[in-house]
Amino acid sequence: MVVPSLQQQLWLPSFAELQYNNEWYRLFTVALTHGGIFHLGFNMYSLMVLGNPLEAAFGKQKFLIVFFFSLLTGSLTSAYFASLYGASVGASGAVFGLFGALVIVGKKIGADIRSIVVIIGINFAFGFAIGGVDWRAHLGGLIGGAVAAQLVMKQPRYF
């Protein structure tokens, strides 16, 4: 990152530190920080590949609801289960939420979702294999995205 001190103000600390410092904005600002150019690149590419069809399916407002709800649930899960001095960076929780939403949309339209589920599994396995990956944020975002997609699909699309 160009300004390291700014990154330290935006990354996601443990839940205890969030409470102690009353810095709840970090649940969202963590998506602005990344662990390097490859981390940023993979998240941007995933956002494009997953986000474009989901935005077309939901509309802009509902897509943003799914994205930010996934980010929030991923961040909360990460912070709650983090060690006291742990920290997390990236938007991967929100990206995994888009995977969860894609599964829900795929099931709704009758698509074969096995390939999506395999990609999710490979991404989880990759995270465990290389280490240093916050699988808790991924899991929280995945669940949050699936729940948010279910909720927004119950509402009629106006836009």
# chains A, B, ... in the order shown; residues from 1 in each chain; ligands from 1
>>> select_by_dssp(residues="chain A", states="strand (DSSP E)", output="list in words")
Leu12, Pro13, Ala87 and Ser88 of chain A
>>> atom_distance(atom1="atom CA of Lys62 of chain A", atom2="atom CA of Ile119 of chain A")
23.9 Å
>>> closest_atom_pairs(of="segment 26-70 of chain A", to="segment 139-154 of chain A", cutoff="8 Å", atoms="only C-alpha atoms", output="Markdown table")
| residue | atom | partner | partner_atom | distance |
| --- | --- | --- | --- | --- |
| A:Phe58 | CA | A:Met153 | CA | 7.6 |
| A:Lys62 | CA | A:Val152 | CA | 6.3 |
| A:Ile65 | CA | A:Ala148 | CA | 7.4 |
| A:Val66 | CA | A:Ala148 | CA | 5.2 |
| A:Phe67 | CA | A:Gly145 | CA | 7.1 |
| A:Phe69 | CA | A:Gly144 | CA | 6.3 |
| A:Ser70 | CA | A:Gly141 | CA | 4.5 |
>>> select_by_dssp(residues="chain A", states="alpha helix (DSSP H)", output="PyMOL selection string")
chain A and resi 4-10+15-21+26-29+37-58+60-81+92-109+114-130+135-153
>>> residues_around(residues="His39 of chain A", least_positions_apart="4", cutoff="10 Å", atoms="only C-alpha atoms", output="VMD selection string")
chain A and resid 33 to 35 43 to 44 89 to 92
>>> atom_distance(atom1="atom CA of Val118 of chain A", atom2="atom CA of Leu50 of chain A")
15.0 Å
>>> residues_around(residues="Ser46 of chain A", least_positions_apart="3", cutoff="10 Å", atoms="only C-alpha atoms", output="ChimeraX atom specification")
/A:40-43,49-52,92,95-96,98-99
>>> write_last_selection(atoms="C-alpha atoms", output="PDB file, in the first residue's frame")
ATOM      1  CA  LEU A  40      -6.045  -6.897  -4.951  1.00  0.00           C
ATOM      2  CA  GLY A  41      -5.964  -8.257  -8.520  1.00  0.00           C
ATOM      3  CA  PHE A  42      -7.667 -11.538  -7.642  1.00  0.00           C
ATOM      4  CA  ASN A  43     -10.390  -9.737  -5.706  1.00  0.00           C
ATOM      5  CA  VAL A  49     -16.663 -12.097 -12.989  1.00  0.00           C
ATOM      6  CA  LEU A  50     -19.212 -12.635 -10.205  1.00  0.00           C
ATOM      7  CA  GLY A  51     -20.559  -9.106  -9.897  1.00  0.00           C
ATOM      8  CA  ASN A  52     -21.592  -8.450 -13.494  1.00  0.00           C
ATOM      9  CA  SER A  92     -12.593 -11.647   0.110  1.00  0.00           C
ATOM     10  CA  VAL A  95     -16.389 -11.880  -2.835  1.00  0.00           C
ATOM     11  CA  PHE A  96     -17.280 -15.195  -1.211  1.00  0.00           C
ATOM     12  CA  LEU A  98     -21.118 -13.217  -4.209  1.00  0.00           C
ATOM     13  CA  PHE A  99     -20.289 -16.901  -4.662  1.00  0.00           C
TER      14      PHE A  99
END
>>> atom_distance(atom1="atom CA of Ala16 of chain A", atom2="atom CA of Leu32 of chain A")
21.3 Å
>>> residues_around(residues="Ile113 of chain A", least_positions_apart="5", cutoff="9 Å", atoms="only C-alpha atoms", output="list in words")
Leu102, Val103, Ile104, Gly106, Lys107 and Val118 of chain A
>>> closest_residue(among="A:Leu12, A:Ile120, A:Ala101, A:Ala111", to="Leu64 of chain A", atoms="only C-alpha atoms")
A:Ala101
>>> residues_around(residues="Ser75 of chain A", least_positions_apart="3", cutoff="7 Å", atoms="only C-alpha atoms", output="mmCIF file with C-alpha atoms, in the first residue's frame")
data_model
loop_
_atom_site.group_PDB
_atom_site.id
_atom_site.type_symbol
_atom_site.label_atom_id
_atom_site.label_comp_id
_atom_site.auth_asym_id
_atom_site.auth_seq_id
_atom_site.Cartn_x
_atom_site.Cartn_y
_atom_site.Cartn_z
ATOM 1 C CA LEU A 27 -16.020 -3.733 9.405
ATOM 2 C CA LEU A 71 -18.845 -7.820 3.615
ATOM 3 C CA LEU A 72 -20.447 -7.170 7.001
ATOM 4 C CA SER A 78 -13.481 -12.723 11.071
ATOM 5 C CA ALA A 79 -13.287 -10.229 13.934
ATOM 6 C CA GLY A 93 -15.505 -12.090 2.514
ATOM 7 C CA ALA A 137 -14.158 -14.098 6.645
#
>>> decode(residues="segment 47-95 of chain A", atoms="N, CA and C atoms", output="PDB file, in the first residue's frame")
ATOM      1  N   LEU A  47     -14.578  -9.945  -8.441  1.00  0.00           N
ATOM      2  CA  LEU A  47     -15.707  -9.021  -8.362  1.00  0.00           C
ATOM      3  C   LEU A  47     -16.307  -8.780  -9.742  1.00  0.00           C
ATOM      4  N   MET A  48     -15.453  -8.666 -10.755  1.00  0.00           N
ATOM      5  CA  MET A  48     -15.956  -8.452 -12.114  1.00  0.00           C
ATOM      6  C   MET A  48     -16.694  -9.697 -12.620  1.00  0.00           C
ATOM      7  N   VAL A  49     -16.081 -10.858 -12.458  1.00  0.00           N
ATOM      8  CA  VAL A  49     -16.663 -12.097 -12.989  1.00  0.00           C
ATOM      9  C   VAL A  49     -17.968 -12.460 -12.276  1.00  0.00           C
ATOM     10  N   LEU A  50     -18.007 -12.292 -10.965  1.00  0.00           N
ATOM     11  CA  LEU A  50     -19.212 -12.635 -10.205  1.00  0.00           C
ATOM     12  C   LEU A  50     -20.208 -11.480 -10.163  1.00  0.00           C
ATOM     13  N   GLY A  51     -19.696 -10.264 -10.085  1.00  0.00           N
ATOM     14  CA  GLY A  51     -20.559  -9.106  -9.897  1.00  0.00           C
ATOM     15  C   GLY A  51     -21.395  -8.746 -11.103  1.00  0.00           C
ATOM     16  N   ASN A  52     -20.830  -8.841 -12.301  1.00  0.00           N
ATOM     17  CA  ASN A  52     -21.592  -8.450 -13.494  1.00  0.00           C
ATOM     18  C   ASN A  52     -22.870  -9.260 -13.679  1.00  0.00           C
ATOM     19  N   PRO A  53     -22.825 -10.598 -13.641  1.00  0.00           N
ATOM     20  CA  PRO A  53     -24.081 -11.334 -13.808  1.00  0.00           C
ATOM     21  C   PRO A  53     -25.042 -11.157 -12.630  1.00  0.00           C
ATOM     22  N   LEU A  54     -24.504 -11.009 -11.427  1.00  0.00           N
ATOM     23  CA  LEU A  54     -25.396 -10.820 -10.275  1.00  0.00           C
ATOM     24  C   LEU A  54     -26.064  -9.450 -10.306  1.00  0.00           C
ATOM     25  N   GLU A  55     -25.325  -8.440 -10.727  1.00  0.00           N
ATOM     26  CA  GLU A  55     -25.935  -7.119 -10.853  1.00  0.00           C
ATOM     27  C   GLU A  55     -27.018  -7.124 -11.928  1.00  0.00           C
ATOM     28  N   ALA A  56     -26.778  -7.858 -13.009  1.00  0.00           N
ATOM     29  CA  ALA A  56     -27.799  -7.975 -14.059  1.00  0.00           C
ATOM     30  C   ALA A  56     -29.035  -8.703 -13.536  1.00  0.00           C
ATOM     31  N   ALA A  57     -28.834  -9.683 -12.677  1.00  0.00           N
ATOM     32  CA  ALA A  57     -29.958 -10.457 -12.141  1.00  0.00           C
ATOM     33  C   ALA A  57     -30.734  -9.685 -11.079  1.00  0.00           C
ATOM     34  N   PHE A  58     -30.022  -8.979 -10.200  1.00  0.00           N
ATOM     35  CA  PHE A  58     -30.665  -8.316  -9.061  1.00  0.00           C
ATOM     36  C   PHE A  58     -31.010  -6.853  -9.316  1.00  0.00           C
ATOM     37  N   GLY A  59     -30.246  -6.185 -10.145  1.00  0.00           N
ATOM     38  CA  GLY A  59     -30.311  -4.731 -10.240  1.00  0.00           C
ATOM     39  C   GLY A  59     -29.257  -4.151  -9.313  1.00  0.00           C
ATOM     40  N   LYS A  60     -28.906  -2.892  -9.552  1.00  0.00           N
ATOM     41  CA  LYS A  60     -27.803  -2.261  -8.830  1.00  0.00           C
ATOM     42  C   LYS A  60     -28.025  -2.202  -7.322  1.00  0.00           C
ATOM     43  N   GLN A  61     -29.212  -1.770  -6.899  1.00  0.00           N
ATOM     44  CA  GLN A  61     -29.454  -1.602  -5.467  1.00  0.00           C
ATOM     45  C   GLN A  61     -29.417  -2.924  -4.714  1.00  0.00           C
ATOM     46  N   LYS A  62     -30.066  -3.937  -5.256  1.00  0.00           N
ATOM     47  CA  LYS A  62     -30.072  -5.234  -4.581  1.00  0.00           C
ATOM     48  C   LYS A  62     -28.690  -5.874  -4.606  1.00  0.00           C
ATOM     49  N   PHE A  63     -27.962  -5.666  -5.693  1.00  0.00           N
ATOM     50  CA  PHE A  63     -26.592  -6.178  -5.743  1.00  0.00           C
ATOM     51  C   PHE A  63     -25.757  -5.547  -4.637  1.00  0.00           C
ATOM     52  N   LEU A  64     -25.879  -4.241  -4.458  1.00  0.00           N
ATOM     53  CA  LEU A  64     -25.114  -3.563  -3.408  1.00  0.00           C
ATOM     54  C   LEU A  64     -25.519  -4.048  -2.023  1.00  0.00           C
ATOM     55  N   ILE A  65     -26.793  -4.344  -1.835  1.00  0.00           N
ATOM     56  CA  ILE A  65     -27.247  -4.902  -0.557  1.00  0.00           C
ATOM     57  C   ILE A  65     -26.561  -6.244  -0.297  1.00  0.00           C
ATOM     58  N   VAL A  66     -26.545  -7.103  -1.312  1.00  0.00           N
ATOM     59  CA  VAL A  66     -25.895  -8.412  -1.169  1.00  0.00           C
ATOM     60  C   VAL A  66     -24.407  -8.240  -0.898  1.00  0.00           C
ATOM     61  N   PHE A  67     -23.749  -7.374  -1.656  1.00  0.00           N
ATOM     62  CA  PHE A  67     -22.307  -7.170  -1.495  1.00  0.00           C
ATOM     63  C   PHE A  67     -21.980  -6.674  -0.091  1.00  0.00           C
ATOM     64  N   PHE A  68     -22.642  -5.617   0.351  1.00  0.00           N
ATOM     65  CA  PHE A  68     -22.295  -5.040   1.653  1.00  0.00           C
ATOM     66  C   PHE A  68     -22.748  -5.907   2.820  1.00  0.00           C
ATOM     67  N   PHE A  69     -23.830  -6.641   2.667  1.00  0.00           N
ATOM     68  CA  PHE A  69     -24.232  -7.579   3.719  1.00  0.00           C
ATOM     69  C   PHE A  69     -23.199  -8.703   3.830  1.00  0.00           C
ATOM     70  N   SER A  70     -22.700  -9.180   2.687  1.00  0.00           N
ATOM     71  CA  SER A  70     -21.641 -10.203   2.689  1.00  0.00           C
ATOM     72  C   SER A  70     -20.372  -9.665   3.337  1.00  0.00           C
ATOM     73  N   LEU A  71     -20.019  -8.451   3.010  1.00  0.00           N
ATOM     74  CA  LEU A  71     -18.845  -7.820   3.615  1.00  0.00           C
ATOM     75  C   LEU A  71     -19.014  -7.726   5.124  1.00  0.00           C
ATOM     76  N   LEU A  72     -20.186  -7.305   5.566  1.00  0.00           N
ATOM     77  CA  LEU A  72     -20.447  -7.170   7.001  1.00  0.00           C
ATOM     78  C   LEU A  72     -20.393  -8.514   7.714  1.00  0.00           C
ATOM     79  N   THR A  73     -21.059  -9.529   7.164  1.00  0.00           N
ATOM     80  CA  THR A  73     -21.055 -10.834   7.838  1.00  0.00           C
ATOM     81  C   THR A  73     -19.667 -11.470   7.808  1.00  0.00           C
ATOM     82  N   GLY A  74     -18.941 -11.294   6.711  1.00  0.00           N
ATOM     83  CA  GLY A  74     -17.573 -11.802   6.658  1.00  0.00           C
ATOM     84  C   GLY A  74     -16.682 -11.106   7.672  1.00  0.00           C
ATOM     85  N   SER A  75     -16.814  -9.798   7.781  1.00  0.00           N
ATOM     86  CA  SER A  75     -16.000  -9.025   8.726  1.00  0.00           C
ATOM     87  C   SER A  75     -16.346  -9.365  10.172  1.00  0.00           C
ATOM     88  N   LEU A  76     -17.626  -9.483  10.467  1.00  0.00           N
ATOM     89  CA  LEU A  76     -18.034  -9.832  11.832  1.00  0.00           C
ATOM     90  C   LEU A  76     -17.522 -11.212  12.225  1.00  0.00           C
ATOM     91  N   THR A  77     -17.643 -12.165  11.324  1.00  0.00           N
ATOM     92  CA  THR A  77     -17.161 -13.521  11.605  1.00  0.00           C
ATOM     93  C   THR A  77     -15.652 -13.519  11.818  1.00  0.00           C
ATOM     94  N   SER A  78     -14.937 -12.807  10.957  1.00  0.00           N
ATOM     95  CA  SER A  78     -13.481 -12.723  11.071  1.00  0.00           C
ATOM     96  C   SER A  78     -13.072 -12.083  12.391  1.00  0.00           C
ATOM     97  N   ALA A  79     -13.661 -10.952  12.715  1.00  0.00           N
ATOM     98  CA  ALA A  79     -13.287 -10.229  13.934  1.00  0.00           C
ATOM     99  C   ALA A  79     -13.646 -11.024  15.186  1.00  0.00           C
ATOM    100  N   TYR A  80     -14.793 -11.675  15.171  1.00  0.00           N
ATOM    101  CA  TYR A  80     -15.247 -12.411  16.354  1.00  0.00           C
ATOM    102  C   TYR A  80     -14.327 -13.589  16.673  1.00  0.00           C
ATOM    103  N   PHE A  81     -13.867 -14.285  15.642  1.00  0.00           N
ATOM    104  CA  PHE A  81     -13.046 -15.471  15.867  1.00  0.00           C
ATOM    105  C   PHE A  81     -11.543 -15.205  15.757  1.00  0.00           C
ATOM    106  N   ALA A  82     -11.151 -13.963  15.566  1.00  0.00           N
ATOM    107  CA  ALA A  82      -9.727 -13.624  15.451  1.00  0.00           C
ATOM    108  C   ALA A  82      -9.060 -13.664  16.815  1.00  0.00           C
ATOM    109  N   SER A  83      -7.755 -13.910  16.814  1.00  0.00           N
ATOM    110  CA  SER A  83      -7.002 -13.814  18.059  1.00  0.00           C
ATOM    111  C   SER A  83      -6.961 -12.342  18.480  1.00  0.00           C
ATOM    112  N   LEU A  84      -6.616 -12.107  19.713  1.00  0.00           N
ATOM    113  CA  LEU A  84      -6.638 -10.746  20.251  1.00  0.00           C
ATOM    114  C   LEU A  84      -5.801  -9.784  19.424  1.00  0.00           C
ATOM    115  N   TYR A  85      -4.649 -10.233  18.932  1.00  0.00           N
ATOM    116  CA  TYR A  85      -3.769  -9.356  18.169  1.00  0.00           C
ATOM    117  C   TYR A  85      -3.811  -9.654  16.677  1.00  0.00           C
ATOM    118  N   GLY A  86      -4.835 -10.379  16.246  1.00  0.00           N
ATOM    119  CA  GLY A  86      -4.983 -10.699  14.833  1.00  0.00           C
ATOM    120  C   GLY A  86      -5.508  -9.512  14.046  1.00  0.00           C
ATOM    121  N   ALA A  87      -5.237  -9.518  12.763  1.00  0.00           N
ATOM    122  CA  ALA A  87      -5.745  -8.480  11.867  1.00  0.00           C
ATOM    123  C   ALA A  87      -6.030  -9.127  10.523  1.00  0.00           C
ATOM    124  N   SER A  88      -6.969  -8.552   9.815  1.00  0.00           N
ATOM    125  CA  SER A  88      -7.373  -9.103   8.526  1.00  0.00           C
ATOM    126  C   SER A  88      -7.463  -7.981   7.508  1.00  0.00           C
ATOM    127  N   VAL A  89      -7.199  -8.316   6.236  1.00  0.00           N
ATOM    128  CA  VAL A  89      -7.296  -7.347   5.160  1.00  0.00           C
ATOM    129  C   VAL A  89      -8.048  -7.955   3.984  1.00  0.00           C
ATOM    130  N   GLY A  90      -8.622  -7.103   3.160  1.00  0.00           N
ATOM    131  CA  GLY A  90      -9.204  -7.551   1.895  1.00  0.00           C
ATOM    132  C   GLY A  90     -10.717  -7.593   1.877  1.00  0.00           C
ATOM    133  N   ALA A  91     -11.212  -7.804   0.669  1.00  0.00           N
ATOM    134  CA  ALA A  91     -12.652  -7.864   0.416  1.00  0.00           C
ATOM    135  C   ALA A  91     -13.105  -9.285   0.107  1.00  0.00           C
ATOM    136  N   SER A  92     -12.294 -10.269   0.472  1.00  0.00           N
ATOM    137  CA  SER A  92     -12.593 -11.647   0.110  1.00  0.00           C
ATOM    138  C   SER A  92     -13.886 -12.158   0.729  1.00  0.00           C
ATOM    139  N   GLY A  93     -14.235 -11.686   1.912  1.00  0.00           N
ATOM    140  CA  GLY A  93     -15.505 -12.090   2.514  1.00  0.00           C
ATOM    141  C   GLY A  93     -16.677 -11.679   1.642  1.00  0.00           C
ATOM    142  N   ALA A  94     -16.621 -10.470   1.109  1.00  0.00           N
ATOM    143  CA  ALA A  94     -17.679  -9.993   0.214  1.00  0.00           C
ATOM    144  C   ALA A  94     -17.678 -10.770  -1.095  1.00  0.00           C
ATOM    145  N   VAL A  95     -16.488 -11.103  -1.592  1.00  0.00           N
ATOM    146  CA  VAL A  95     -16.389 -11.880  -2.835  1.00  0.00           C
ATOM    147  C   VAL A  95     -16.980 -13.271  -2.623  1.00  0.00           C
TER     148      VAL A  95
END
